[in-house]
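Shown next: my_file_21.txt, containing compact mmCIF, C-alpha atoms and all ligand atoms.
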# COMPACT_ATOMS: atom_id res chain seq x y z
CA MET A 201 0.00 0.00 0.00
CA ALA A 202 1.29 3.47 -0.87
CA VAL A 203 2.03 5.77 2.05
CA LEU A 204 0.37 9.15 1.70
CA ALA A 205 2.77 12.10 1.56
CA ILE A 206 0.93 13.68 4.48
CA ASN A 207 2.16 10.67 6.51
CA GLY A 208 5.73 10.90 5.23
CA GLY A 209 5.34 8.92 1.99
CA GLU A 210 6.67 10.00 -1.39
CA LYS A 211 4.86 12.84 -3.15
CA VAL A 212 3.04 12.10 -6.39
CA ARG A 213 4.34 15.36 -7.88
CA THR A 214 7.78 16.73 -7.26
CA GLU A 215 8.00 19.15 -10.22
CA GLY A 216 6.82 22.72 -9.80
CA TRP A 217 4.08 24.55 -11.65
CA PRO A 218 4.28 27.11 -14.49
CA PRO A 219 5.16 30.62 -13.26
CA TRP A 220 2.64 33.44 -13.48
CA PRO A 221 2.91 36.07 -14.88
CA PRO A 222 4.54 33.97 -17.58
CA ASP A 223 8.22 34.11 -18.49
CA ASP A 224 8.18 36.00 -21.75
CA PRO A 225 10.69 38.52 -23.09
CA GLY A 226 7.86 40.24 -25.00
CA PHE A 227 6.73 42.00 -21.82
CA LEU A 228 10.03 43.79 -21.36
CA GLU A 229 10.13 44.76 -25.04
CA ALA A 230 6.60 46.15 -24.75
CA LEU A 231 7.54 48.28 -21.74
CA LYS A 232 10.61 49.61 -23.50
CA LYS A 233 8.49 50.74 -26.43
CA VAL A 234 6.33 52.75 -24.04
CA ILE A 235 9.37 54.38 -22.42
CA ASP A 236 10.73 55.29 -25.84
CA SER A 237 7.37 56.66 -27.00
CA ARG A 238 7.49 59.29 -24.20
CA VAL A 239 3.74 58.94 -23.77
CA TRP A 240 3.48 57.14 -20.45
CA GLY A 241 0.03 58.13 -19.36
CA THR A 242 -3.22 57.55 -21.16
CA GLY A 243 -4.26 58.50 -24.68
CA GLY A 244 -1.34 57.09 -26.62
CA GLU A 245 -1.12 54.35 -29.21
CA PHE A 246 -0.90 51.50 -26.66
CA THR A 247 -4.06 52.34 -24.70
CA THR A 248 -5.92 52.91 -27.97
CA GLN A 249 -4.71 49.61 -29.43
CA ALA A 250 -5.38 47.64 -26.25
CA ALA A 251 -9.01 48.83 -26.32
CA GLU A 252 -9.32 48.04 -30.03
CA ARG A 253 -7.82 44.55 -29.73
CA MET A 254 -9.92 43.57 -26.71
CA ALA A 255 -13.09 44.77 -28.46
CA GLU A 256 -12.16 43.01 -31.69
CA TYR A 257 -11.17 39.76 -29.96
CA HIS A 258 -14.41 39.61 -27.98
CA GLY A 259 -16.66 40.88 -30.78
CA ALA A 260 -17.63 44.14 -29.07
CA GLU A 261 -18.13 47.52 -30.74
CA TYR A 262 -16.61 49.63 -28.00
CA ALA A 263 -14.09 49.36 -25.17
CA VAL A 264 -13.13 51.73 -22.36
CA THR A 265 -9.79 51.23 -20.61
CA VAL A 266 -9.87 51.74 -16.83
CA THR A 267 -7.72 51.09 -13.77
CA SER A 268 -9.26 47.79 -12.59
CA GLY A 269 -12.03 45.26 -13.02
CA THR A 270 -13.66 46.82 -9.97
CA SER A 271 -13.76 50.25 -11.60
CA ALA A 272 -15.05 48.68 -14.85
CA LEU A 273 -18.00 47.28 -12.88
CA GLU A 274 -18.70 50.60 -11.14
CA VAL A 275 -18.49 52.53 -14.40
CA ALA A 276 -20.75 49.99 -16.14
CA LEU A 277 -23.38 50.29 -13.41
CA ARG A 278 -23.47 54.08 -13.55
CA ALA A 279 -23.39 54.15 -17.36
CA LEU A 280 -26.45 51.89 -17.38
CA GLY A 281 -28.30 54.24 -15.04
CA VAL A 282 -27.96 52.24 -11.83
CA GLY A 283 -27.42 54.35 -8.72
CA VAL A 284 -28.48 55.25 -5.19
CA GLY A 285 -31.34 53.13 -3.83
CA ASP A 286 -31.28 50.58 -6.66
CA GLU A 287 -31.05 46.85 -6.05
CA VAL A 288 -28.68 44.76 -8.12
CA ILE A 289 -28.83 40.96 -8.20
CA VAL A 290 -25.42 39.34 -7.74
CA PRO A 291 -24.14 35.83 -7.01
CA PRO A 292 -22.57 35.26 -3.58
CA TYR A 293 -19.88 33.00 -5.05
CA THR A 294 -17.46 35.42 -6.67
CA PHE A 295 -14.80 37.99 -5.83
CA ILE A 296 -16.02 40.73 -3.48
CA ALA A 297 -15.93 43.40 -6.24
CA THR A 298 -19.00 41.92 -7.98
CA ALA A 299 -20.99 43.02 -4.93
CA SER A 300 -18.90 45.86 -3.48
CA SER A 301 -19.03 47.76 -6.81
CA VAL A 302 -22.80 47.96 -6.26
CA VAL A 303 -22.33 49.44 -2.77
CA ALA A 304 -19.73 51.85 -4.15
CA ILE A 305 -22.26 53.42 -6.53
CA GLY A 306 -24.85 53.66 -3.72
CA GLY A 307 -26.81 50.58 -4.70
CA VAL A 308 -27.83 47.50 -2.71
CA PRO A 309 -26.56 44.04 -3.69
CA VAL A 310 -29.16 41.28 -3.47
CA PHE A 311 -27.61 37.82 -3.31
CA VAL A 312 -29.14 35.06 -5.43
CA ASP A 313 -27.86 31.52 -5.07
CA ILE A 314 -25.66 29.65 -7.51
CA ASP A 315 -25.96 26.18 -8.99
CA ALA A 316 -23.71 23.86 -6.98
CA GLU A 317 -22.38 22.09 -10.09
CA THR A 318 -21.77 25.05 -12.43
CA PHE A 319 -20.80 27.37 -9.53
CA ASN A 320 -22.57 30.13 -11.52
CA LEU A 321 -25.66 32.22 -10.77
CA ASP A 322 -28.79 30.00 -10.89
CA PRO A 323 -31.20 31.65 -13.35
CA THR A 324 -34.19 29.81 -11.85
CA LYS A 325 -33.72 31.69 -8.55
CA ILE A 326 -33.51 35.21 -10.00
CA GLU A 327 -37.15 36.12 -10.51
CA GLU A 328 -38.19 35.57 -6.90
CA ALA A 329 -35.57 38.15 -5.86
CA ILE A 330 -36.78 40.90 -8.19
CA THR A 331 -38.56 43.82 -6.51
CA GLU A 332 -39.74 47.24 -7.66
CA TYR A 333 -36.23 48.52 -6.80
CA THR A 334 -34.26 46.03 -8.90
CA LYS A 335 -32.33 47.67 -11.73
CA ALA A 336 -29.66 45.22 -12.84
CA ILE A 337 -28.20 41.72 -12.68
CA ILE A 338 -24.46 40.96 -12.61
CA PRO A 339 -23.71 37.36 -13.53
CA ALA A 340 -20.04 36.53 -12.96
CA HIS A 341 -18.42 33.99 -15.30
CA ILE A 342 -16.82 32.22 -12.43
CA GLY A 343 -13.44 30.57 -12.87
CA GLY A 344 -13.74 31.70 -16.51
CA SER A 345 -16.77 29.47 -17.13
CA PRO A 346 -19.69 31.36 -18.71
CA ALA A 347 -22.81 31.99 -16.65
CA ASP A 348 -26.06 30.95 -18.32
CA LEU A 349 -26.63 34.26 -20.10
CA ASP A 350 -29.67 33.41 -22.28
CA PRO A 351 -32.19 32.90 -19.48
CA ILE A 352 -30.59 35.69 -17.43
CA MET A 353 -30.90 38.16 -20.30
CA GLU A 354 -34.43 36.99 -21.03
CA ILE A 355 -35.39 37.74 -17.42
CA GLY A 356 -33.59 41.07 -17.67
CA LYS A 357 -35.53 41.98 -20.80
CA ARG A 358 -38.89 40.97 -19.32
CA HIS A 359 -38.32 43.08 -16.19
CA GLY A 360 -36.46 45.99 -17.80
CA LEU A 361 -33.18 45.22 -16.02
CA ALA A 362 -29.66 45.87 -17.27
CA VAL A 363 -27.35 42.84 -17.41
CA ILE A 364 -23.64 43.39 -16.77
CA GLU A 365 -21.28 40.47 -17.32
CA ASP A 366 -18.53 40.20 -14.75
CA ALA A 367 -16.01 38.71 -17.18
CA CYS A 368 -13.01 39.56 -14.99
CA GLN A 369 -11.90 35.91 -14.99
CA ALA A 370 -13.11 35.02 -18.47
CA HIS A 371 -10.86 36.44 -21.21
CA GLY A 372 -11.76 34.65 -24.43
CA ALA A 373 -14.39 32.34 -22.88
CA GLU A 374 -17.32 31.35 -25.10
CA TYR A 375 -20.99 31.01 -24.31
CA LYS A 376 -22.83 29.06 -27.04
CA GLY A 377 -20.20 30.08 -29.60
CA ARG A 378 -19.96 33.78 -28.66
CA LYS A 379 -17.17 35.34 -26.65
CA VAL A 380 -18.38 36.58 -23.26
CA GLY A 381 -18.13 40.18 -22.10
CA ALA A 382 -19.83 41.51 -25.24
CA ILE A 383 -23.10 39.59 -25.08
CA ALA A 384 -25.10 41.53 -22.44
CA ASP A 385 -25.40 45.32 -21.99
CA ALA A 386 -21.80 45.64 -20.82
CA GLY A 387 -18.94 43.43 -19.71
CA ALA A 388 -16.16 44.08 -17.19
CA PHE A 389 -12.66 42.60 -17.48
CA SER A 390 -9.72 42.67 -15.09
CA PHE A 391 -5.99 42.63 -15.85
CA GLN A 392 -4.92 42.27 -12.23
CA SER A 393 -1.79 40.13 -11.72
CA SER A 394 -3.54 36.79 -11.42
CA LYS A 395 -5.74 37.17 -14.48
CA ASN A 396 -5.27 35.24 -17.75
CA VAL A 397 -4.23 38.51 -19.41
CA CYS A 398 -2.45 40.61 -16.83
CA ALA A 399 -0.80 43.97 -16.42
CA GLY A 400 -0.33 44.09 -12.65
CA GLU A 401 -3.58 46.04 -12.44
CA GLY A 402 -6.02 47.32 -15.03
CA GLY A 403 -9.54 46.87 -16.32
CA MET A 404 -11.75 47.28 -19.34
CA LEU A 405 -15.41 47.72 -20.10
CA LEU A 406 -16.85 46.31 -23.33
CA THR A 407 -20.21 47.23 -24.80
CA ASN A 408 -22.11 47.37 -28.09
CA ASN A 409 -24.09 50.41 -26.99
CA ARG A 410 -22.70 53.81 -28.05
CA GLU A 411 -24.44 55.70 -25.24
CA VAL A 412 -23.09 53.30 -22.59
CA PHE A 413 -19.63 53.66 -24.12
CA GLU A 414 -19.73 57.47 -24.03
CA LYS A 415 -21.02 57.60 -20.46
CA ALA A 416 -18.43 55.06 -19.31
CA TRP A 417 -15.64 56.88 -21.13
CA SER A 418 -16.59 60.20 -19.51
CA GLN A 419 -16.63 58.68 -16.03
CA ALA A 420 -13.18 57.23 -16.54
CA ASN A 421 -11.84 60.45 -18.05
CA ILE A 422 -12.78 63.09 -15.45
CA GLY A 423 -16.04 64.04 -17.11
CA ARG A 424 -14.57 64.78 -20.54
CA VAL A 425 -16.37 63.54 -23.65
CA PRO A 426 -14.70 61.33 -26.29
CA GLU A 427 -14.57 64.05 -28.97
CA GLY A 428 -14.28 67.00 -26.57
CA GLY A 429 -11.36 69.17 -25.48
CA TRP A 430 -8.89 68.59 -22.64
CA TYR A 431 -10.49 71.29 -20.42
CA ASP A 432 -14.05 70.40 -21.28
CA HIS A 433 -15.58 68.56 -18.29
CA ARG A 434 -19.29 68.08 -18.85
CA VAL A 435 -20.29 65.49 -16.27
CA MET A 436 -19.03 64.05 -13.01
CA GLY A 437 -16.10 61.78 -13.68
CA TRP A 438 -13.05 60.25 -12.03
CA ASN A 439 -9.51 59.62 -13.11
CA LEU A 440 -9.77 55.91 -13.85
CA ARG A 441 -7.32 55.97 -16.72
CA MET A 442 -5.07 53.10 -17.67
CA THR A 443 -1.42 53.90 -18.31
CA GLN A 444 0.40 53.07 -21.53
CA PHE A 445 2.57 50.62 -19.55
CA GLN A 446 -0.46 48.58 -18.55
CA ALA A 447 -1.82 48.72 -22.08
CA ALA A 448 1.46 47.51 -23.59
CA LEU A 449 1.50 44.52 -21.21
CA ILE A 450 -2.11 43.77 -22.12
CA LEU A 451 -1.27 43.88 -25.83
CA ARG A 452 1.48 41.32 -25.33
CA GLY A 453 -0.83 39.25 -23.13
CA LEU A 454 -3.45 39.26 -25.88
CA GLU A 455 -0.86 37.91 -28.31
CA LEU A 456 -0.16 35.03 -25.91
CA LEU A 457 -3.81 34.45 -25.04
CA PRO A 458 -4.95 32.18 -27.92
CA GLU A 459 -2.17 29.66 -27.27
CA HIS A 460 -2.63 29.86 -23.49
CA PHE A 461 -6.38 29.50 -23.89
CA GLU A 462 -6.05 26.33 -25.96
CA ARG A 463 -3.51 24.84 -23.55
CA ARG A 464 -5.70 25.47 -20.50
CA TYR A 465 -8.67 24.10 -22.44
CA HIS A 466 -6.91 20.98 -23.71
CA ASN A 467 -5.53 20.16 -20.27
CA ALA A 468 -8.95 20.62 -18.70
CA GLN A 469 -10.54 18.22 -21.21
CA TYR A 470 -7.78 15.69 -20.55
CA LEU A 471 -8.23 16.03 -16.79
CA ARG A 472 -12.00 15.72 -17.10
CA GLN A 473 -11.49 12.37 -18.81
CA ARG A 474 -9.08 11.15 -16.16
CA LEU A 475 -11.53 12.18 -13.43
CA GLU A 476 -14.22 10.03 -14.99
CA GLU A 477 -12.44 7.02 -13.50
CA ILE A 478 -12.55 8.56 -10.00
CA GLU A 479 -15.77 8.63 -8.04
CA GLY A 480 -16.44 11.78 -6.03
CA VAL A 481 -14.31 14.41 -7.80
CA SER A 482 -15.31 16.26 -10.96
CA LEU A 483 -14.49 19.52 -12.73
CA GLN A 484 -16.91 22.48 -12.85
CA LYS A 485 -19.89 21.69 -15.08
CA MET A 486 -20.54 24.03 -18.02
CA THR A 487 -23.88 25.88 -18.16
CA HIS A 488 -24.16 24.72 -21.78
CA PRO A 489 -22.29 21.80 -23.38
CA SER A 490 -20.80 23.92 -26.18
CA ASN A 491 -19.33 26.52 -23.79
CA ARG A 492 -15.59 27.02 -23.67
CA SER A 493 -14.33 28.09 -20.27
CA ALA A 494 -11.26 30.31 -20.04
CA TYR A 495 -10.22 27.96 -17.19
CA HIS A 496 -8.85 30.84 -15.17
CA LEU A 497 -9.33 28.49 -12.26
CA TYR A 498 -9.75 24.75 -12.29
CA ILE A 499 -12.77 24.42 -10.00
CA PHE A 500 -13.74 20.99 -8.66
CA SER A 501 -16.65 19.38 -6.82
CA TYR A 502 -15.71 17.00 -4.03
CA ASP A 503 -18.03 14.41 -2.52
CA ARG A 504 -16.72 13.22 0.81
CA GLY A 505 -19.02 10.21 0.57
CA ALA A 506 -16.61 8.71 -1.97
CA PHE A 507 -13.68 9.32 0.42
CA ALA A 508 -14.98 7.50 3.50
CA GLY A 509 -16.39 10.76 4.84
CA LEU A 510 -13.06 12.64 4.75
CA PRO A 511 -13.89 16.37 5.11
CA ARG A 512 -12.87 18.52 2.14
CA ASP A 513 -10.30 20.53 4.09
CA LYS A 514 -8.49 17.38 5.26
CA PHE A 515 -8.59 16.08 1.70
CA LEU A 516 -6.97 19.35 0.56
CA GLN A 517 -4.22 19.00 3.17
CA ALA A 518 -3.46 15.53 1.84
CA LEU A 519 -3.58 16.77 -1.76
CA ASN A 520 -1.18 19.65 -1.06
CA ALA A 521 1.19 17.22 0.64
CA GLU A 522 1.22 15.19 -2.61
CA GLY A 523 2.54 18.29 -4.43
CA ILE A 524 -0.83 19.33 -5.92
CA ARG A 525 -1.86 22.87 -5.04
CA GLY A 526 -5.49 23.12 -4.02
CA GLY A 527 -7.48 25.62 -1.97
CA SER A 528 -11.03 25.87 -0.69
CA GLY A 529 -11.77 29.19 -2.47
CA TYR A 530 -14.36 31.83 -1.67
CA ASN A 531 -16.58 32.34 1.35
CA PRO A 532 -20.20 33.31 0.60
CA LEU A 533 -19.89 37.06 0.09
CA TYR A 534 -22.67 37.83 2.54
CA ARG A 535 -20.47 36.35 5.27
CA GLU A 536 -17.65 38.82 4.51
CA GLY A 537 -17.20 41.63 7.03
CA LEU A 538 -18.56 44.21 4.58
CA PHE A 539 -21.97 42.52 4.77
CA ARG A 540 -21.81 41.21 8.32
CA ASP A 541 -19.90 42.98 11.09
CA ASN A 542 -19.52 46.26 9.22
CA TRP A 543 -22.92 46.38 7.57
CA ASP A 544 -24.89 49.34 8.93
CA PRO A 545 -28.57 49.54 7.96
CA ASN A 546 -28.59 53.15 9.18
CA ALA A 547 -25.73 54.34 7.01
CA PHE A 548 -25.31 55.06 3.31
CA PRO A 549 -26.45 53.41 1.08
CA PHE A 550 -28.75 51.16 3.12
CA ALA A 551 -30.47 53.78 5.32
CA PRO A 552 -34.14 54.60 4.54
CA GLN A 553 -33.41 58.09 3.20
CA PHE A 554 -31.45 56.41 0.37
CA TYR A 555 -33.06 53.03 -0.06
CA LYS A 556 -36.78 52.21 0.15
CA GLY A 557 -36.54 48.44 -0.08
CA LYS A 558 -35.65 45.81 2.53
CA VAL A 559 -32.39 43.98 2.93
CA ASN A 560 -30.92 42.18 5.90
CA TYR A 561 -27.56 40.59 5.23
CA ASP A 562 -27.57 38.92 8.65
CA GLU A 563 -30.39 36.70 7.45
CA VAL A 564 -29.25 35.85 3.92
CA THR A 565 -28.63 32.18 3.21
CA CYS A 566 -27.83 30.64 -0.16
CA PRO A 567 -27.68 26.86 0.45
CA ALA A 568 -25.91 25.83 -2.76
CA CYS A 569 -23.23 28.49 -2.26
CA GLU A 570 -22.73 27.43 1.37
CA GLN A 571 -22.45 23.78 0.39
CA VAL A 572 -19.79 24.64 -2.19
CA CYS A 573 -17.86 27.00 0.11
CA ASP A 574 -18.03 24.84 3.22
CA GLU A 575 -17.94 21.30 1.89
CA SER A 576 -17.76 20.47 -1.77
CA GLY A 577 -15.84 23.10 -3.78
CA PHE A 578 -12.12 23.43 -4.29
CA TRP A 579 -9.81 25.14 -6.78
CA MET A 580 -6.44 24.92 -8.36
CA SER A 581 -4.77 28.18 -9.10
CA GLN A 582 -4.67 29.79 -12.47
CA SER A 583 -1.35 28.57 -13.88
CA THR A 584 -2.33 24.90 -13.28
CA GLY A 585 -3.89 24.78 -16.74
CA LEU A 586 -0.66 25.96 -18.38
CA ALA A 587 1.21 22.84 -17.28
CA ASP A 588 1.33 19.63 -19.37
CA GLU A 589 -0.63 16.37 -19.56
CA LYS A 590 1.78 14.77 -17.10
CA ALA A 591 0.71 17.41 -14.53
CA MET A 592 -2.94 16.52 -15.18
CA ASP A 593 -2.06 12.85 -14.64
CA ASP A 594 -0.35 13.82 -11.40
CA ILE A 595 -3.51 15.59 -10.23
CA ALA A 596 -5.68 12.57 -11.01
CA ASP A 597 -3.13 10.12 -9.56
CA ALA A 598 -2.83 12.10 -6.33
CA ILE A 599 -6.61 12.15 -5.91
CA LEU A 600 -6.77 8.40 -6.56
CA LYS A 601 -3.93 7.75 -4.13
CA ILE A 602 -5.78 9.63 -1.38
CA GLN A 603 -9.01 7.79 -2.16
CA GLN A 604 -7.35 4.38 -2.09
CA ASN A 605 -5.47 5.08 1.13
CA VAL A 606 -7.98 7.27 2.90
CA GLY A 607 -7.91 4.96 5.93
CA GLU A 608 -4.42 6.30 6.71
CA ILE A 609 -5.74 9.79 7.43
CA GLU A 610 -6.78 10.50 10.99
C1 LIG A 701 -14.96 37.85 -10.60
C2 LIG A 701 -14.17 39.09 -10.37
N1 LIG A 701 -14.78 40.28 -10.38
C3 LIG A 701 -14.11 41.43 -10.21
C4 LIG A 701 -12.76 41.44 -9.98
C5 LIG A 701 -12.09 42.74 -9.72
O1 LIG A 701 -11.02 43.00 -10.57
P1 LIG A 701 -9.81 43.93 -10.07
O2 LIG A 701 -9.03 43.15 -9.09
O3 LIG A 701 -9.08 44.22 -11.33
O4 LIG A 701 -10.43 45.16 -9.49
C6 LIG A 701 -12.06 40.23 -9.95
C7 LIG A 701 -10.60 40.14 -9.75
O5 LIG A 701 -9.94 40.36 -8.86
C8 LIG A 701 -12.79 39.02 -10.13
O6 LIG A 701 -12.16 37.83 -10.08
Can you dump the structure from the file as structure tokens?
Ligand SMILES: Cc1ncc(COP(=O)(O)O)c(C=O)c1O
Amino acid sequence: MAVLAINGGEKVRTEGWPPWPPDDPGFLEALKKVIDSRVWGTGGEFTTQAAERMAEYHGAEYAVTVTSGTSALEVALRALGVGVGDEVIVPPYTFIATASSVVAIGGVPVFVDIDAETFNLDPTKIEEAITEYTKAIIPAHIGGSPADLDPIMEIGKRHGLAVIEDACQAHGAEYKGRKVGAIADAGAFSFQSSKNVCAGEGGMLLTNNREVFEKAWSQANIGRVPEGGWYDHRVMGWNLRMTQFQAALILRGLELLPEHFERRYHNAQYLRQRLEEIEGVSLQKMTHPSNRSAYHLYIFSYDRGAFAGLPRDKFLQALNAEGIRGGSGYNPLYREGLFRDNWDPNAFPFAPQFYKGKVNYDEVTCPACEQVCDESGFWMSQSTGLADEKAMDDIADAILKIQQNVGEIE
């Protein structure tokens, strides 16, 4: 019988994992071009091209470069007319910015549960959460895997709600043959260090709506208008401008993306097949069979029943000991301090002078999200998918080894 690494046995995997950001001389060359151009701030050829390439790649008409995915979400909300006192439906299983961007613009996030197998917003639960104050829905394409946009957009249309795709983890992902981020009213992308296209920090908003584009552009450019003068500030805006350095890194990242995308995708398909022989562990289910996830994260479902009742967190300790990096991932967002300890119903934006509806974050429960966060979900970090088939075999072999020797774990 094999001895588990957690008990001093040999590890299944001794090699490391691909570095991220990737080793690529193109990044340094890109930065040098910016230095030589002497246009370091916004408005130069690199920011313009980065917006054009992202829009072209994702099939969008317009793109606005901003400082982060968070600011892209805030700008999108305001550009679509969402503001103080408005409710916005969000999933609880995502990065905090999907919900905190709503609070930042004076709105109220309303959490709607996910599907425990797709880890994405469950469209069948949305309608019961709609009230007279609801103005928008933000599905997040979690782990890079597209949310089920068709029914979500159909609900949005029927109730007059804007739909904003949180595509921060989903560069290049496809929903029923179309690239995400340009399917709903607006899409938000992030280029923060961990993302599949990264520039340290940075964000972008995509849209096919000229008015949304102009409003978003003005917000990000201190109230200027796209064709206006430098000292022509017509509306309230912020300085949310991306630098040329970020844009140049994004341009190089977009050149690498197609090959990276295919590698992550191929490895995921290979791993899916290997996992078919293992009871109790599977990869995130797609919301539609033809979808192509960006596989920003490899997200798994774990059933302790197939591991003699071994709790997920103990399983993860054993897996990490075997040289396979795994983590338990998000907490339900409504359990984060922002919505628990530090949530004040008498302060902006929740107090009655701002908001006429009813919300009580202390009472929110989303059972599928809690099951995933507390018991059944786990992730492997974003560069996992850039490794090779041998690494995928190592993942499957380590899981099998734990399953076959689970009696060794106390
Ligand atoms: C799903 C999701 N939404 C929003 C964000 C916010 O992006 P940023 O970190 O660029 O503000 C992130 C990334 O961190 C994310 O993963």
I'd like the box whose edges run along x, y and z of the file and which contains every listed atom of ligand LIG 701 (chain A), padded by 6 Å per side; could you state its centre and edge lengths in Å, one decimal, as AutoDock Vina command-line options?
--center_x -12.0 --center_y 41.5 --center_z -10.1 --size_x 17.9 --size_y 19.3 --size_z 14.5
Contact table chain A vs ligand LIG 701 (chain A), cut-off 6 Å, shortest pair per residue, all atoms listed in the file, as JSON lines:
{"residue": "A:Ser268", "atom": "CA", "partner": "A:LIG701", "partner_atom": "O3", "distance": 3.8}
{"residue": "A:Gly269", "atom": "CA", "partner": "A:LIG701", "partner_atom": "O1", "distance": 3.5}
{"residue": "A:Thr270", "atom": "CA", "partner": "A:LIG701", "partner_atom": "O4", "distance": 3.7}
{"residue": "A:Thr294", "atom": "CA", "partner": "A:LIG701", "partner_atom": "C1", "distance": 5.3}
{"residue": "A:Phe295", "atom": "CA", "partner": "A:LIG701", "partner_atom": "C2", "distance": 4.7}
{"residue": "A:Ala297", "atom": "CA", "partner": "A:LIG701", "partner_atom": "C3", "distance": 4.8}
{"residue": "A:Thr298", "atom": "CA", "partner": "A:LIG701", "partner_atom": "N1", "distance": 5.1}
{"residue": "A:Ala340", "atom": "CA", "partner": "A:LIG701", "partner_atom": "C1", "distance": 5.8}
{"residue": "A:Asp366", "atom": "CA", "partner": "A:LIG701", "partner_atom": "N1", "distance": 5.8}
{"residue": "A:Cys368", "atom": "CA", "partner": "A:LIG701", "partner_atom": "C2", "distance": 4.8}
{"residue": "A:Gln369", "atom": "CA", "partner": "A:LIG701", "partner_atom": "O6", "distance": 5.3}
{"residue": "A:Ser390", "atom": "CA", "partner": "A:LIG701", "partner_atom": "O3", "distance": 4.1}
{"residue": "A:Phe391", "atom": "CA", "partner": "A:LIG701", "partner_atom": "O3", "distance": 5.7}
{"residue": "A:Gln392", "atom": "CA", "partner": "A:LIG701", "partner_atom": "O3", "distance": 4.7}
{"residue": "A:Glu401", "atom": "CA", "partner": "A:LIG701", "partner_atom": "O3", "distance": 5.9}
{"residue": "A:Gly402", "atom": "CA", "partner": "A:LIG701", "partner_atom": "O3", "distance": 5.7}
{"residue": "A:Gly403", "atom": "CA", "partner": "A:LIG701", "partner_atom": "O3", "distance": 5.7}
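Between CA of Phe461 in chain A and CA of Tyr495 in chain A the interatomic distance comes to 7.9 Å.
Across the structure, CA of Asp315 in chain A and CA of Ala384 in chain A are spaced 20.4 Å apart.
Shortest separation to Leu280 in chain A among A:Ala336, A:Val234, A:Ile499, A:Ala551 occurs at residue A:Ala336, atoms counted being only C-alpha atoms.
Distance annotation: of A:Gln249, A:Thr565, A:Ser493, A:Gln553, the residue with the minimal separation from Ala370 in chain A is A:Ser493; atom set is all atoms listed in the file.
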Quiz prompt | Neighbour list for Ala447 in chain A as a count of residues only, cut-off 6 Å, only C-alpha atoms, skip fewer than 3 positions in-chain | solution = 5
Quiz prompt | 9 Å contact set for Ala260 in chain A, all atoms listed in the file, chain neighbours under 6 positions out, as number ranges by chain | solution = A: 254, 381-383, 406-408
Name the residues in contact with Phe319 in chain A at a cut-off of 10 Å, using only C-alpha atoms, excluding same-chain residues fewer than 2 positions from it; report them as a short mmCIF file (atom, residue, chain, number, x, y, z; two decimals) with C-alpha atoms, keeping the file's coordinate frame.
data_model
loop_
_atom_site.label_atom_id
_atom_site.label_comp_id
_atom_site.auth_asym_id
_atom_site.auth_seq_id
_atom_site.Cartn_x
_atom_site.Cartn_y
_atom_site.Cartn_z
CA PRO A 291 -24.14 35.83 -7.01
CA TYR A 293 -19.88 33.00 -5.05
CA THR A 294 -17.46 35.42 -6.67
CA ASP A 313 -27.86 31.52 -5.07
CA ILE A 314 -25.66 29.65 -7.51
CA ASP A 315 -25.96 26.18 -8.99
CA ALA A 316 -23.71 23.86 -6.98
CA GLU A 317 -22.38 22.09 -10.09
CA LEU A 321 -25.66 32.22 -10.77
CA ASP A 322 -28.79 30.00 -10.89
CA ALA A 340 -20.04 36.53 -12.96
CA HIS A 341 -18.42 33.99 -15.30
CA ILE A 342 -16.82 32.22 -12.43
CA GLY A 343 -13.44 30.57 -12.87
CA SER A 345 -16.77 29.47 -17.13
CA ALA A 347 -22.81 31.99 -16.65
CA GLN A 484 -16.91 22.48 -12.85
CA LYS A 485 -19.89 21.69 -15.08
CA MET A 486 -20.54 24.03 -18.02
CA THR A 487 -23.88 25.88 -18.16
CA ILE A 499 -12.77 24.42 -10.00
CA PHE A 500 -13.74 20.99 -8.66
CA SER A 501 -16.65 19.38 -6.82
CA ALA A 568 -25.91 25.83 -2.76
CA CYS A 569 -23.23 28.49 -2.26
CA VAL A 572 -19.79 24.64 -2.19
CA GLY A 577 -15.84 23.10 -3.78
#
